Amino acid sequence: MTPAAAASLDTTERVQRAHLEADFYRFQDDLTDVERERVLALRAFMEDRVAPIADRTWADAEFPTHLIRPLAETGVLGSGIPLVARFENSAVYRGWAALEMGRVDAGMATFVGVQSGLAMNAIAVAGSEDQQRAWLPRMATGELVGAFGLTEPLSGSDSARGLRTTARREGDTWVLDGEKRWIGNATFADVVVIWAKDVADGQVKGFLVTTDSPGFTATKIEDKISLRTVQNADIVLRDVRVPEERRLQRARSFRDTAAVLRLTRCEVAWQAIGIAVGAYEAALRYAREREQFGKPIARHQLVQDLLVRSVGNITASIALCTQASALQDRGDHRDEFSALAKAFATARMRETVGWCREVLGGNGIVLGAGVARSFADAEAIYSYEGTREMNTLIVGRAITGHAAFV
Ligand code: FAD
């Protein structure tokens, strides 16, 4: 065990006694002992290292890059990827890890989602063994930061067919041209997985583009009202030359891109539950302490109604995502399973953070009172990794047999 992990165990023991109140049906008890120990170590890290600075970094729109290496010590980067996973773990565990991060800071959960869920998984799913060995171990320790460049200014939901970024082969070199938008981590990443259309066969291929490549620029998107700590960038690629050995060797079409998204979409659903859990815990705390009409507001029936509806949403979402992840663990991994989890959990999250904000009255819109950041961050999670409409259409196609995208 690393010194950092050992140091966090005291806190882990402390948190272990405090079962998550929001886990009303105690689903977390079903993790293996090792998984539960790792979840609790991650919770301790989030509470000790991230929580104290989360409102400040959010207000300043800065990502705490100094925490990347210590975060990696918890084993959360690359979990589920055989070459670099620190311990054997299940998709259900990975869901709980996403929940624990989202509960404290959706920005940190999103960093991990991009680094590990998108960038590392792209290499694990679509890279050759040599590429996996060259990149994944250093990304798992946080030495190298990755990003995932799919979305473009003119192509968001329709990225399966609408990508305009092109890749042209010249001998053993590829020349990339185009623009990307919203790319998380990209202002400080070392490498971005860029998805581009091969002009020769019209298929989408993936390229490992180092951010020091001539012709590559990443400009931070300013003035966001949601996920402010996440460093999203507009990327421009002008005649960026990438050697053939940096083309993801097993990415042959958008199907391979979709395989990565299928893996991560369910984890985003779990992140959303985490955001709802964080807001619910703050609302419950506040309701017990705040007095109006001579008694704690928790004793007013209408306030209880908001809290019960919130815990109901959380419980239903955990149940649904637990089964979606369990199916993934059994190898039954379908687009529509992840899509339903993402669409359902993010919609329930959006209702829940609204109700929890309501419980805090005016204080619900102030940073520091525990709900405002979750309330704002929920909006971006609702839309990224497939909007509710897109995920609904994926499920709709599966249950009716009719695609209704266009
Ligand atoms: P659009 O596709 O323009 O959609 C606008 C609205 O129209 C939505 O409500 C949508 O649901 C609706 N709509 C579109 N088509 C249909 C239809 N056929 N039927 C019904 N409704 C429809 N991308 C990356 O590649 N990498 C990243 O790291 C990344 N990180 C992100 C982080 C944040 C904070 C955000 C906000 C976005 C990020 N994205 C990233 C992009 C994200 O995946 C897109 O924003 C998302 O896919 C939606 O695309 P869009 O914003 O272009 O909206």
# chains A, B, ... in the order shown; residues from 1 in each chain; ligands from 1
call {"tool": "residues_near_ligand", "arguments": {"ligand": "ligand 1", "cutoff": "7 Å", "atoms": "only C-alpha atoms and all ligand atoms", "output": "number ranges by chain"}}
result
A: 114, 147-151, 153-158, 181-184, 226-227, 230, 232, 380-381, 383-390, 405-406
call {"tool": "residues_around", "arguments": {"residues": "A:Glu170", "least_positions_apart": "6", "cutoff": "10 Å", "atoms": "only C-alpha atoms", "output": "ChimeraX atom specification"}}
result
/A:241,243-244
call {"tool": "atom_distance", "arguments": {"atom1": "atom CA of A:Glu100", "atom2": "atom CA of A:Pro52"}}
result
15.4 Å
call {"tool": "select_by_dssp", "arguments": {"residues": "stretch 45-227 of chain A", "states": "alpha helix (DSSP H)", "output": "VMD selection string"}}
result
chain A and resid 45 51 to 60 68 to 72 91 to 104 106 to 112 121 to 126 129 to 140 159 to 162
call {"tool": "closest_residue", "arguments": {"among": "A:Leu263, A:Val92, A:Ala98, A:Ala272", "to": "A:Asp30", "atoms": "only C-alpha atoms"}}
result
A:Val92
